[in-house]
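What follows is the content of start32.pdb (PDB, N, CA, C and O atoms).
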```pdb
ATOM      1  N   MET A   1      74.968  92.392 149.321
ATOM      2  CA  MET A   1      74.475  92.071 148.003
ATOM      3  C   MET A   1      73.875  93.337 147.391
ATOM      4  O   MET A   1      73.193  94.090 148.065
ATOM      5  N   LYS A   2      74.132  93.542 146.119
ATOM      6  CA  LYS A   2      73.637  94.720 145.403
ATOM      7  C   LYS A   2      72.337  94.401 144.673
ATOM      8  O   LYS A   2      72.046  93.256 144.359
ATOM      9  N   GLN A   3      71.569  95.430 144.421
ATOM     10  CA  GLN A   3      70.316  95.292 143.691
ATOM     11  C   GLN A   3      70.429  96.085 142.405
ATOM     12  O   GLN A   3      71.031  97.158 142.362
ATOM     13  N   LEU A   4      69.829  95.566 141.326
ATOM     14  CA  LEU A   4      69.853  96.215 140.026
ATOM     15  C   LEU A   4      68.422  96.322 139.512
ATOM     16  O   LEU A   4      67.702  95.324 139.477
ATOM     17  N   ASN A   5      68.016  97.527 139.146
ATOM     18  CA  ASN A   5      66.699  97.732 138.549
ATOM     19  C   ASN A   5      66.909  98.071 137.080
ATOM     20  O   ASN A   5      67.678  98.964 136.749
ATOM     21  N   VAL A   6      66.208  97.356 136.209
ATOM     22  CA  VAL A   6      66.383  97.529 134.770
ATOM     23  C   VAL A   6      65.021  97.732 134.128
ATOM     24  O   VAL A   6      64.083  96.987 134.414
ATOM     25  N   ARG A   7      64.917  98.710 133.252
ATOM     26  CA  ARG A   7      63.684  98.924 132.494
ATOM     27  C   ARG A   7      63.804  98.203 131.154
ATOM     28  O   ARG A   7      64.814  98.305 130.475
ATOM     29  N   LEU A   8      62.754  97.448 130.808
ATOM     30  CA  LEU A   8      62.711  96.706 129.551
ATOM     31  C   LEU A   8      61.463  97.094 128.784
ATOM     32  O   LEU A   8      60.424  97.359 129.385
ATOM     33  N   ASP A   9      61.562  97.070 127.460
ATOM     34  CA  ASP A   9      60.330  97.291 126.709
ATOM     35  C   ASP A   9      59.467  96.035 126.817
ATOM     36  O   ASP A   9      59.931  94.970 127.224
ATOM     37  N   ASP A  10      58.206  96.165 126.480
ATOM     38  CA  ASP A  10      57.243  95.076 126.670
ATOM     39  C   ASP A  10      57.627  93.808 125.914
ATOM     40  O   ASP A  10      57.449  92.701 126.425
ATOM     41  N   THR A  11      58.160  93.958 124.712
ATOM     42  CA  THR A  11      58.519  92.790 123.900
ATOM     43  C   THR A  11      59.642  91.994 124.553
ATOM     44  O   THR A  11      59.556  90.765 124.671
ATOM     45  N   VAL A  12      60.683  92.677 124.992
ATOM     46  CA  VAL A  12      61.806  91.999 125.646
ATOM     47  C   VAL A  12      61.332  91.341 126.934
ATOM     48  O   VAL A  12      61.699  90.197 127.227
ATOM     49  N   HIS A  13      60.515  92.024 127.687
ATOM     50  CA  HIS A  13      59.998  91.470 128.939
ATOM     51  C   HIS A  13      59.225  90.179 128.676
ATOM     52  O   HIS A  13      59.403  89.173 129.373
ATOM     53  N   GLU A  14      58.380  90.180 127.660
ATOM     54  CA  GLU A  14      57.586  89.003 127.326
ATOM     55  C   GLU A  14      58.471  87.833 126.906
ATOM     56  O   GLU A  14      58.258  86.693 127.337
ATOM     57  N   VAL A  15      59.475  88.106 126.094
ATOM     58  CA  VAL A  15      60.400  87.046 125.667
ATOM     59  C   VAL A  15      61.118  86.455 126.874
ATOM     60  O   VAL A  15      61.236  85.232 127.005
ATOM     61  N   LEU A  16      61.589  87.302 127.766
ATOM     62  CA  LEU A  16      62.287  86.808 128.955
ATOM     63  C   LEU A  16      61.350  86.016 129.861
ATOM     64  O   LEU A  16      61.750  84.995 130.430
ATOM     65  N   GLU A  17      60.122  86.463 130.000
ATOM     66  CA  GLU A  17      59.146  85.703 130.792
ATOM     67  C   GLU A  17      58.920  84.314 130.195
ATOM     68  O   GLU A  17      58.855  83.320 130.919
ATOM     69  N   GLN A  18      58.819  84.231 128.877
ATOM     70  CA  GLN A  18      58.622  82.942 128.211
ATOM     71  C   GLN A  18      59.819  82.028 128.419
ATOM     72  O   GLN A  18      59.667  80.833 128.685
ATOM     73  N   ARG A  19      61.016  82.584 128.302
ATOM     74  CA  ARG A  19      62.219  81.769 128.500
ATOM     75  C   ARG A  19      62.347  81.302 129.945
ATOM     76  O   ARG A  19      62.749  80.174 130.199
ATOM     77  N   ALA A  20      62.019  82.179 130.867
ATOM     78  CA  ALA A  20      62.063  81.804 132.281
ATOM     79  C   ALA A  20      61.068  80.690 132.564
ATOM     80  O   ALA A  20      61.397  79.706 133.246
ATOM     81  N   GLU A  21      59.869  80.810 132.032
ATOM     82  CA  GLU A  21      58.852  79.784 132.230
ATOM     83  C   GLU A  21      59.304  78.456 131.634
ATOM     84  O   GLU A  21      59.154  77.402 132.251
ATOM     85  N   ALA A  22      59.887  78.504 130.436
ATOM     86  CA  ALA A  22      60.372  77.280 129.790
ATOM     87  C   ALA A  22      61.482  76.625 130.608
ATOM     88  O   ALA A  22      61.624  75.400 130.595
ATOM     89  N   ALA A  23      62.255  77.435 131.318
ATOM     90  CA  ALA A  23      63.336  76.918 132.162
ATOM     91  C   ALA A  23      62.841  76.528 133.545
ATOM     92  O   ALA A  23      63.625  76.045 134.375
ATOM     93  N   GLY A  24      61.553  76.773 133.826
ATOM     94  CA  GLY A  24      61.001  76.449 135.132
ATOM     95  C   GLY A  24      61.488  77.390 136.221
ATOM     96  O   GLY A  24      61.639  76.992 137.373
ATOM     97  N   MET A  25      61.726  78.640 135.850
ATOM     98  CA  MET A  25      62.272  79.616 136.787
ATOM     99  C   MET A  25      61.387  80.852 136.828
ATOM    100  O   MET A  25      60.647  81.124 135.879
ATOM    101  N   SER A  26      61.514  81.609 137.905
ATOM    102  CA  SER A  26      60.874  82.917 137.939
ATOM    103  C   SER A  26      61.671  83.854 137.038
ATOM    104  O   SER A  26      62.842  83.597 136.722
ATOM    105  N   LEU A  27      61.047  84.935 136.612
ATOM    106  CA  LEU A  27      61.750  85.902 135.771
ATOM    107  C   LEU A  27      62.968  86.465 136.495
ATOM    108  O   LEU A  27      64.040  86.600 135.907
ATOM    109  N   THR A  28      62.835  86.752 137.779
ATOM    110  CA  THR A  28      63.955  87.287 138.557
ATOM    111  C   THR A  28      65.114  86.297 138.610
ATOM    112  O   THR A  28      66.270  86.667 138.383
ATOM    113  N   ASP A  29      64.820  85.029 138.884
ATOM    114  CA  ASP A  29      65.877  84.016 138.940
ATOM    115  C   ASP A  29      66.519  83.810 137.574
ATOM    116  O   ASP A  29      67.741  83.645 137.470
ATOM    117  N   TYR A  30      65.702  83.825 136.516
ATOM    118  CA  TYR A  30      66.237  83.652 135.168
ATOM    119  C   TYR A  30      67.153  84.823 134.805
ATOM    120  O   TYR A  30      68.254  84.616 134.293
ATOM    121  N   ALA A  31      66.713  86.042 135.078
ATOM    122  CA  ALA A  31      67.528  87.219 134.778
ATOM    123  C   ALA A  31      68.836  87.176 135.564
ATOM    124  O   ALA A  31      69.909  87.486 135.026
ATOM    125  N   ARG A  32      68.774  86.768 136.832
ATOM    126  CA  ARG A  32      69.986  86.652 137.648
ATOM    127  C   ARG A  32      70.948  85.643 137.027
ATOM    128  O   ARG A  32      72.147  85.900 136.896
ATOM    129  N   LYS A  33      70.428  84.488 136.599
ATOM    130  CA  LYS A  33      71.252  83.446 135.983
ATOM    131  C   LYS A  33      71.937  83.969 134.724
ATOM    132  O   LYS A  33      73.143  83.769 134.529
ATOM    133  N   VAL A  34      71.183  84.652 133.866
ATOM    134  CA  VAL A  34      71.742  85.187 132.624
ATOM    135  C   VAL A  34      72.842  86.203 132.918
ATOM    136  O   VAL A  34      73.916  86.167 132.308
ATOM    137  N   LEU A  35      72.613  87.087 133.867
ATOM    138  CA  LEU A  35      73.606  88.102 134.198
ATOM    139  C   LEU A  35      74.852  87.497 134.835
ATOM    140  O   LEU A  35      75.980  87.907 134.525
ATOM    141  N   VAL A  36      74.670  86.511 135.699
ATOM    142  CA  VAL A  36      75.827  85.849 136.324
ATOM    143  C   VAL A  36      76.661  85.141 135.261
ATOM    144  O   VAL A  36      77.890  85.225 135.254
ATOM    145  N   GLU A  37      75.990  84.445 134.340
ATOM    146  CA  GLU A  37      76.720  83.763 133.262
ATOM    147  C   GLU A  37      77.472  84.766 132.390
ATOM    148  O   GLU A  37      78.595  84.512 131.970
ATOM    149  N   GLU A  38      76.848  85.894 132.121
ATOM    150  CA  GLU A  38      77.477  86.908 131.279
ATOM    151  C   GLU A  38      78.724  87.491 131.944
ATOM    152  O   GLU A  38      79.676  87.862 131.275
ATOM    153  N   ALA A  39      78.726  87.569 133.256
ATOM    154  CA  ALA A  39      79.858  88.133 133.994
ATOM    155  C   ALA A  39      80.962  87.110 134.258
ATOM    156  O   ALA A  39      82.045  87.480 134.708
ATOM    157  N   ASP A  40      80.715  85.843 133.963
ATOM    158  CA  ASP A  40      81.667  84.771 134.258
ATOM    159  C   ASP A  40      82.748  84.714 133.170
ATOM    160  O   ASP A  40      82.523  84.208 132.077
ATOM    161  N   GLU A  41      83.934  85.230 133.472
ATOM    162  CA  GLU A  41      85.015  85.283 132.491
ATOM    163  C   GLU A  41      85.505  83.890 132.101
ATOM    164  O   GLU A  41      85.863  83.659 130.947
ATOM    165  N   GLN A  42      85.523  82.947 133.034
ATOM    166  CA  GLN A  42      85.959  81.587 132.720
ATOM    167  C   GLN A  42      85.001  80.942 131.720
ATOM    168  O   GLN A  42      85.420  80.287 130.778
ATOM    169  N   ARG A  43      83.696  81.155 131.895
ATOM    170  CA  ARG A  43      82.698  80.633 130.961
ATOM    171  C   ARG A  43      82.908  81.247 129.581
ATOM    172  O   ARG A  43      82.848  80.563 128.568
ATOM    173  N   GLU A  44      83.158  82.535 129.534
ATOM    174  CA  GLU A  44      83.376  83.229 128.266
ATOM    175  C   GLU A  44      84.610  82.690 127.556
ATOM    176  O   GLU A  44      84.583  82.457 126.343
ATOM    177  N   ARG A  45      85.691  82.457 128.296
ATOM    178  CA  ARG A  45      86.897  81.877 127.688
ATOM    179  C   ARG A  45      86.617  80.481 127.161
ATOM    180  O   ARG A  45      87.064  80.109 126.079
ATOM    181  N   PHE A  46      85.860  79.679 127.916
ATOM    182  CA  PHE A  46      85.510  78.336 127.473
ATOM    183  C   PHE A  46      84.705  78.384 126.175
ATOM    184  O   PHE A  46      84.974  77.644 125.228
ATOM    185  N   LEU A  47      83.684  79.248 126.120
ATOM    186  CA  LEU A  47      82.855  79.339 124.927
ATOM    187  C   LEU A  47      83.650  79.816 123.715
ATOM    188  O   LEU A  47      83.461  79.327 122.596
ATOM    189  N   THR A  48      84.564  80.745 123.925
ATOM    190  CA  THR A  48      85.422  81.221 122.846
ATOM    191  C   THR A  48      86.327  80.096 122.349
ATOM    192  O   THR A  48      86.469  79.885 121.140
ATOM    193  N   ALA A  49      86.911  79.347 123.281
ATOM    194  CA  ALA A  49      87.774  78.227 122.899
ATOM    195  C   ALA A  49      86.975  77.134 122.192
ATOM    196  O   ALA A  49      87.445  76.545 121.207
ATOM    197  N   ALA A  50      85.769  76.853 122.668
ATOM    198  CA  ALA A  50      84.931  75.835 122.038
ATOM    199  C   ALA A  50      84.564  76.241 120.617
ATOM    200  O   ALA A  50      84.562  75.402 119.703
ATOM    201  N   ALA A  51      84.253  77.499 120.404
ATOM    202  CA  ALA A  51      83.926  77.980 119.053
ATOM    203  C   ALA A  51      85.137  77.840 118.140
ATOM    204  O   ALA A  51      85.022  77.388 116.999
ATOM    205  N   HIS A  52      86.302  78.201 118.649
ATOM    206  CA  HIS A  52      87.531  78.062 117.855
ATOM    207  C   HIS A  52      87.800  76.592 117.529
ATOM    208  O   HIS A  52      88.109  76.245 116.393
ATOM    209  N   PHE A  53      87.669  75.732 118.530
ATOM    210  CA  PHE A  53      87.902  74.299 118.336
ATOM    211  C   PHE A  53      86.947  73.731 117.287
ATOM    212  O   PHE A  53      87.354  72.990 116.397
ATOM    213  N   SER A  54      85.661  74.086 117.378
ATOM    214  CA  SER A  54      84.686  73.520 116.440
ATOM    215  C   SER A  54      84.931  74.025 115.018
ATOM    216  O   SER A  54      84.739  73.280 114.060
ATOM    217  N   GLN A  55      85.384  75.265 114.874
ATOM    218  CA  GLN A  55      85.703  75.777 113.544
ATOM    219  C   GLN A  55      86.948  75.082 112.980
ATOM    220  O   GLN A  55      86.991  74.738 111.807
ATOM    221  N   ALA A  56      87.939  74.870 113.837
ATOM    222  CA  ALA A  56      89.186  74.269 113.375
ATOM    223  C   ALA A  56      89.059  72.776 113.124
ATOM    224  O   ALA A  56      89.621  72.247 112.166
ATOM    225  N   TRP A  57      88.323  72.075 113.982
ATOM    226  CA  TRP A  57      88.275  70.618 113.907
ATOM    227  C   TRP A  57      86.935  70.041 113.466
ATOM    228  O   TRP A  57      86.817  68.839 113.228
ATOM    229  N   GLY A  58      85.917  70.890 113.335
ATOM    230  CA  GLY A  58      84.591  70.430 112.927
ATOM    231  C   GLY A  58      84.600  69.639 111.627
ATOM    232  O   GLY A  58      84.011  68.551 111.553
ATOM    233  N   PRO A  59      85.273  70.127 110.583
ATOM    234  CA  PRO A  59      85.298  69.363 109.335
ATOM    235  C   PRO A  59      85.933  67.978 109.484
ATOM    236  O   PRO A  59      85.460  67.006 108.887
ATOM    237  N   ALA A  60      86.962  67.855 110.309
ATOM    238  CA  ALA A  60      87.598  66.549 110.525
ATOM    239  C   ALA A  60      86.644  65.598 111.253
ATOM    240  O   ALA A  60      86.557  64.414 110.898
ATOM    241  N   PHE A  61      85.923  66.097 112.253
ATOM    242  CA  PHE A  61      84.947  65.267 112.956
ATOM    243  C   PHE A  61      83.838  64.829 112.009
ATOM    244  O   PHE A  61      83.417  63.678 112.017
ATOM    245  N   GLU A  62      83.362  65.761 111.176
ATOM    246  CA  GLU A  62      82.282  65.416 110.250
ATOM    247  C   GLU A  62      82.755  64.407 109.216
ATOM    248  O   GLU A  62      82.014  63.488 108.863
ATOM    249  N   ALA A  63      83.982  64.536 108.751
ATOM    250  CA  ALA A  63      84.523  63.571 107.789
ATOM    251  C   ALA A  63      84.640  62.185 108.417
ATOM    252  O   ALA A  63      84.377  61.174 107.765
ATOM    253  N   GLU A  64      85.007  62.140 109.678
ATOM    254  CA  GLU A  64      85.194  60.860 110.370
ATOM    255  C   GLU A  64      83.880  60.221 110.795
ATOM    256  O   GLU A  64      83.680  59.025 110.652
ATOM    257  N   PHE A  65      82.964  61.030 111.342
ATOM    258  CA  PHE A  65      81.754  60.492 111.967
ATOM    259  C   PHE A  65      80.453  60.861 111.260
ATOM    260  O   PHE A  65      79.385  60.419 111.667
ATOM    261  N   GLY A  66      80.518  61.688 110.234
ATOM    262  CA  GLY A  66      79.314  62.130 109.541
ATOM    263  C   GLY A  66      78.745  63.365 110.200
ATOM    264  O   GLY A  66      79.177  63.772 111.275
ATOM    265  N   PRO A  67      77.759  63.981 109.532
ATOM    266  CA  PRO A  67      77.177  65.212 110.092
ATOM    267  C   PRO A  67      76.371  64.934 111.354
ATOM    268  O   PRO A  67      75.875  63.822 111.547
ATOM    269  N   TYR A  68      76.268  65.945 112.184
ATOM    270  CA  TYR A  68      75.481  65.835 113.410
ATOM    271  C   TYR A  68      74.029  65.631 113.023
ATOM    272  O   TYR A  68      73.497  66.365 112.187
ATOM    273  N   PRO A  69      73.364  64.626 113.596
ATOM    274  CA  PRO A  69      71.971  64.371 113.210
ATOM    275  C   PRO A  69      71.057  65.522 113.628
ATOM    276  O   PRO A  69      71.215  66.085 114.705
ATOM    277  N   SER A  70      70.110  65.837 112.769
ATOM    278  CA  SER A  70      69.175  66.918 113.088
ATOM    279  C   SER A  70      68.045  66.436 113.985
ATOM    280  O   SER A  70      67.353  67.221 114.593
ATOM    281  N   THR A  71      67.847  65.118 114.063
ATOM    282  CA  THR A  71      66.827  64.551 114.938
ATOM    283  C   THR A  71      67.422  63.399 115.729
ATOM    284  O   THR A  71      68.407  62.791 115.324
ATOM    285  N   VAL A  72      66.801  63.101 116.861
ATOM    286  CA  VAL A  72      67.240  61.977 117.692
ATOM    287  C   VAL A  72      66.693  60.700 117.083
ATOM    288  O   VAL A  72      65.519  60.615 116.735
ATOM    289  N   ARG A  73      67.550  59.699 116.932
ATOM    290  CA  ARG A  73      67.108  58.427 116.376
ATOM    291  C   ARG A  73      66.159  57.724 117.326
ATOM    292  O   ARG A  73      66.304  57.803 118.539
ATOM    293  N   ALA A  74      65.195  57.001 116.777
ATOM    294  CA  ALA A  74      64.241  56.242 117.582
ATOM    295  C   ALA A  74      65.001  55.257 118.438
ATOM    296  O   ALA A  74      65.925  54.588 117.985
ATOM    297  N   GLY A  75      64.628  55.161 119.685
ATOM    298  CA  GLY A  75      65.262  54.223 120.597
ATOM    299  C   GLY A  75      66.369  54.843 121.416
ATOM    300  O   GLY A  75      66.553  54.509 122.572
ATOM    301  N   LYS A  76      67.143  55.759 120.830
ATOM    302  CA  LYS A  76      68.235  56.383 121.578
ATOM    303  C   LYS A  76      67.694  57.296 122.672
ATOM    304  O   LYS A  76      68.235  57.364 123.741
ATOM    305  N   ALA A  77      66.606  58.003 122.389
ATOM    306  CA  ALA A  77      66.020  58.888 123.398
ATOM    307  C   ALA A  77      65.455  58.062 124.546
ATOM    308  O   ALA A  77      65.520  58.463 125.704
ATOM    309  N   ASP A  78      64.927  56.874 124.229
ATOM    310  CA  ASP A  78      64.371  56.014 125.277
ATOM    311  C   ASP A  78      65.468  55.430 126.153
ATOM    312  O   ASP A  78      65.257  55.171 127.330
ATOM    313  N   ALA A  79      66.652  55.204 125.584
ATOM    314  CA  ALA A  79      67.744  54.591 126.327
ATOM    315  C   ALA A  79      68.364  55.573 127.316
ATOM    316  O   ALA A  79      68.966  55.177 128.291
ATOM    317  N   ALA A  80      68.240  56.866 127.053
ATOM    318  CA  ALA A  80      68.870  57.861 127.910
ATOM    319  C   ALA A  80      68.145  58.035 129.210
ATOM    320  O   ALA A  80      67.092  57.693 129.464
TER
END
```

Any chance you could give the structure as structure tokens?
Amino acid sequence: MKQLNVRLDDTVHEVLEQRAEAAGMSLTDYARKVLVEEADEQRERFLTAAAHFSQAWGPAFEAEFGPYPSTVRAGKADAA
């Protein structure tokens, strides 16, 4: 296994610490997760295809089902 040492400015470090905490992870584990996801070519292809699909078919879905709600309806969150 290889090790990577990266220097970050204080602002970036603080943002990453906050995101790691929000995810319930250590900063090291969070950084590892982000880097692994970034290196995953299959994930990147999926995200690219999903973006293309949503641009091509998003208007048809919205016409059929209405816009995506900006808030969760009362009761639906409790049912989940």

Could you tell me how far CA of Asp9 (chain A) lies from CA of Ala22 (chain A), in Å and to one decimal? 20.2 Å

As a short mmCIF file (atom, residue, chain, number, x, y, z; two decimals) with N, CA, C and O atoms, in the frame of the given file, list the residues of region 8-71 of chain A assigned to helix (DSSP H, G or I) by DSSP on the backbone atoms of this structure.
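Once everything was written out, this is selection.cif:
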```cif
data_model
loop_
_atom_site.label_atom_id
_atom_site.label_comp_id
_atom_site.auth_asym_id
_atom_site.auth_seq_id
_atom_site.Cartn_x
_atom_site.Cartn_y
_atom_site.Cartn_z
N ASP A 10 58.21 96.16 126.48
CA ASP A 10 57.24 95.08 126.67
C ASP A 10 57.63 93.81 125.91
O ASP A 10 57.45 92.70 126.42
N THR A 11 58.16 93.96 124.71
CA THR A 11 58.52 92.79 123.90
C THR A 11 59.64 91.99 124.55
O THR A 11 59.56 90.76 124.67
N VAL A 12 60.68 92.68 124.99
CA VAL A 12 61.81 92.00 125.65
C VAL A 12 61.33 91.34 126.93
O VAL A 12 61.70 90.20 127.23
N HIS A 13 60.52 92.02 127.69
CA HIS A 13 60.00 91.47 128.94
C HIS A 13 59.22 90.18 128.68
O HIS A 13 59.40 89.17 129.37
N GLU A 14 58.38 90.18 127.66
CA GLU A 14 57.59 89.00 127.33
C GLU A 14 58.47 87.83 126.91
O GLU A 14 58.26 86.69 127.34
N VAL A 15 59.48 88.11 126.09
CA VAL A 15 60.40 87.05 125.67
C VAL A 15 61.12 86.46 126.87
O VAL A 15 61.24 85.23 127.00
N LEU A 16 61.59 87.30 127.77
CA LEU A 16 62.29 86.81 128.96
C LEU A 16 61.35 86.02 129.86
O LEU A 16 61.75 85.00 130.43
N GLU A 17 60.12 86.46 130.00
CA GLU A 17 59.15 85.70 130.79
C GLU A 17 58.92 84.31 130.20
O GLU A 17 58.86 83.32 130.92
N GLN A 18 58.82 84.23 128.88
CA GLN A 18 58.62 82.94 128.21
C GLN A 18 59.82 82.03 128.42
O GLN A 18 59.67 80.83 128.68
N ARG A 19 61.02 82.58 128.30
CA ARG A 19 62.22 81.77 128.50
C ARG A 19 62.35 81.30 129.94
O ARG A 19 62.75 80.17 130.20
N ALA A 20 62.02 82.18 130.87
CA ALA A 20 62.06 81.80 132.28
C ALA A 20 61.07 80.69 132.56
O ALA A 20 61.40 79.71 133.25
N GLU A 21 59.87 80.81 132.03
CA GLU A 21 58.85 79.78 132.23
C GLU A 21 59.30 78.46 131.63
O GLU A 21 59.15 77.40 132.25
N ALA A 22 59.89 78.50 130.44
CA ALA A 22 60.37 77.28 129.79
C ALA A 22 61.48 76.62 130.61
O ALA A 22 61.62 75.40 130.60
N LEU A 27 61.05 84.94 136.61
CA LEU A 27 61.75 85.90 135.77
C LEU A 27 62.97 86.46 136.50
O LEU A 27 64.04 86.60 135.91
N THR A 28 62.84 86.75 137.78
CA THR A 28 63.96 87.29 138.56
C THR A 28 65.11 86.30 138.61
O THR A 28 66.27 86.67 138.38
N ASP A 29 64.82 85.03 138.88
CA ASP A 29 65.88 84.02 138.94
C ASP A 29 66.52 83.81 137.57
O ASP A 29 67.74 83.64 137.47
N TYR A 30 65.70 83.82 136.52
CA TYR A 30 66.24 83.65 135.17
C TYR A 30 67.15 84.82 134.80
O TYR A 30 68.25 84.62 134.29
N ALA A 31 66.71 86.04 135.08
CA ALA A 31 67.53 87.22 134.78
C ALA A 31 68.84 87.18 135.56
O ALA A 31 69.91 87.49 135.03
N ARG A 32 68.77 86.77 136.83
CA ARG A 32 69.99 86.65 137.65
C ARG A 32 70.95 85.64 137.03
O ARG A 32 72.15 85.90 136.90
N LYS A 33 70.43 84.49 136.60
CA LYS A 33 71.25 83.45 135.98
C LYS A 33 71.94 83.97 134.72
O LYS A 33 73.14 83.77 134.53
N VAL A 34 71.18 84.65 133.87
CA VAL A 34 71.74 85.19 132.62
C VAL A 34 72.84 86.20 132.92
O VAL A 34 73.92 86.17 132.31
N LEU A 35 72.61 87.09 133.87
CA LEU A 35 73.61 88.10 134.20
C LEU A 35 74.85 87.50 134.84
O LEU A 35 75.98 87.91 134.52
N VAL A 36 74.67 86.51 135.70
CA VAL A 36 75.83 85.85 136.32
C VAL A 36 76.66 85.14 135.26
O VAL A 36 77.89 85.22 135.25
N GLU A 37 75.99 84.44 134.34
CA GLU A 37 76.72 83.76 133.26
C GLU A 37 77.47 84.77 132.39
O GLU A 37 78.60 84.51 131.97
N GLU A 38 76.85 85.89 132.12
CA GLU A 38 77.48 86.91 131.28
C GLU A 38 78.72 87.49 131.94
O GLU A 38 79.68 87.86 131.28
N ALA A 39 78.73 87.57 133.26
CA ALA A 39 79.86 88.13 133.99
C ALA A 39 80.96 87.11 134.26
O ALA A 39 82.04 87.48 134.71
N GLU A 41 83.93 85.23 133.47
CA GLU A 41 85.02 85.28 132.49
C GLU A 41 85.50 83.89 132.10
O GLU A 41 85.86 83.66 130.95
N GLN A 42 85.52 82.95 133.03
CA GLN A 42 85.96 81.59 132.72
C GLN A 42 85.00 80.94 131.72
O GLN A 42 85.42 80.29 130.78
N ARG A 43 83.70 81.16 131.90
CA ARG A 43 82.70 80.63 130.96
C ARG A 43 82.91 81.25 129.58
O ARG A 43 82.85 80.56 128.57
N GLU A 44 83.16 82.54 129.53
CA GLU A 44 83.38 83.23 128.27
C GLU A 44 84.61 82.69 127.56
O GLU A 44 84.58 82.46 126.34
N ARG A 45 85.69 82.46 128.30
CA ARG A 45 86.90 81.88 127.69
C ARG A 45 86.62 80.48 127.16
O ARG A 45 87.06 80.11 126.08
N PHE A 46 85.86 79.68 127.92
CA PHE A 46 85.51 78.34 127.47
C PHE A 46 84.70 78.38 126.18
O PHE A 46 84.97 77.64 125.23
N LEU A 47 83.68 79.25 126.12
CA LEU A 47 82.86 79.34 124.93
C LEU A 47 83.65 79.82 123.72
O LEU A 47 83.46 79.33 122.60
N THR A 48 84.56 80.74 123.92
CA THR A 48 85.42 81.22 122.85
C THR A 48 86.33 80.10 122.35
O THR A 48 86.47 79.89 121.14
N ALA A 49 86.91 79.35 123.28
CA ALA A 49 87.77 78.23 122.90
C ALA A 49 86.98 77.13 122.19
O ALA A 49 87.44 76.54 121.21
N ALA A 50 85.77 76.85 122.67
CA ALA A 50 84.93 75.83 122.04
C ALA A 50 84.56 76.24 120.62
O ALA A 50 84.56 75.40 119.70
N ALA A 51 84.25 77.50 120.40
CA ALA A 51 83.93 77.98 119.05
C ALA A 51 85.14 77.84 118.14
O ALA A 51 85.02 77.39 117.00
N HIS A 52 86.30 78.20 118.65
CA HIS A 52 87.53 78.06 117.86
C HIS A 52 87.80 76.59 117.53
O HIS A 52 88.11 76.24 116.39
N PHE A 53 87.67 75.73 118.53
CA PHE A 53 87.90 74.30 118.34
C PHE A 53 86.95 73.73 117.29
O PHE A 53 87.35 72.99 116.40
N SER A 54 85.66 74.09 117.38
CA SER A 54 84.69 73.52 116.44
C SER A 54 84.93 74.03 115.02
O SER A 54 84.74 73.28 114.06
N GLN A 55 85.38 75.26 114.87
CA GLN A 55 85.70 75.78 113.54
C GLN A 55 86.95 75.08 112.98
O GLN A 55 86.99 74.74 111.81
N ALA A 56 87.94 74.87 113.84
CA ALA A 56 89.19 74.27 113.38
C ALA A 56 89.06 72.78 113.12
O ALA A 56 89.62 72.25 112.17
N TRP A 57 88.32 72.08 113.98
CA TRP A 57 88.28 70.62 113.91
C TRP A 57 86.94 70.04 113.47
O TRP A 57 86.82 68.84 113.23
N GLY A 58 85.92 70.89 113.34
CA GLY A 58 84.59 70.43 112.93
C GLY A 58 84.60 69.64 111.63
O GLY A 58 84.01 68.55 111.55
N PRO A 59 85.27 70.13 110.58
CA PRO A 59 85.30 69.36 109.34
C PRO A 59 85.93 67.98 109.48
O PRO A 59 85.46 67.01 108.89
N ALA A 60 86.96 67.86 110.31
CA ALA A 60 87.60 66.55 110.52
C ALA A 60 86.64 65.60 111.25
O ALA A 60 86.56 64.41 110.90
N PHE A 61 85.92 66.10 112.25
CA PHE A 61 84.95 65.27 112.96
C PHE A 61 83.84 64.83 112.01
O PHE A 61 83.42 63.68 112.02
N GLU A 62 83.36 65.76 111.18
CA GLU A 62 82.28 65.42 110.25
C GLU A 62 82.76 64.41 109.22
O GLU A 62 82.01 63.49 108.86
N ALA A 63 83.98 64.54 108.75
CA ALA A 63 84.52 63.57 107.79
C ALA A 63 84.64 62.18 108.42
O ALA A 63 84.38 61.17 107.76
N GLU A 64 85.01 62.14 109.68
CA GLU A 64 85.19 60.86 110.37
C GLU A 64 83.88 60.22 110.80
O GLU A 64 83.68 59.02 110.65
N PHE A 65 82.96 61.03 111.34
CA PHE A 65 81.75 60.49 111.97
C PHE A 65 80.45 60.86 111.26
O PHE A 65 79.39 60.42 111.67
#
```

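Rounded to one decimal, CA of Lys33 (chain A) and CA of Val12 (chain A) lie 16.4 Å from each other.
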
Between CA of Glu17 (chain A) and CA of Tyr30 (chain A), what distance in Å does the model show, to one decimal?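 So the answer is 8.6 Å.
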
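Nearest residue to Leu27 (chain A), choosing from A:Ala49, A:Arg7, A:His13, A:Pro67 and counting all atoms listed in the file: A:His13.
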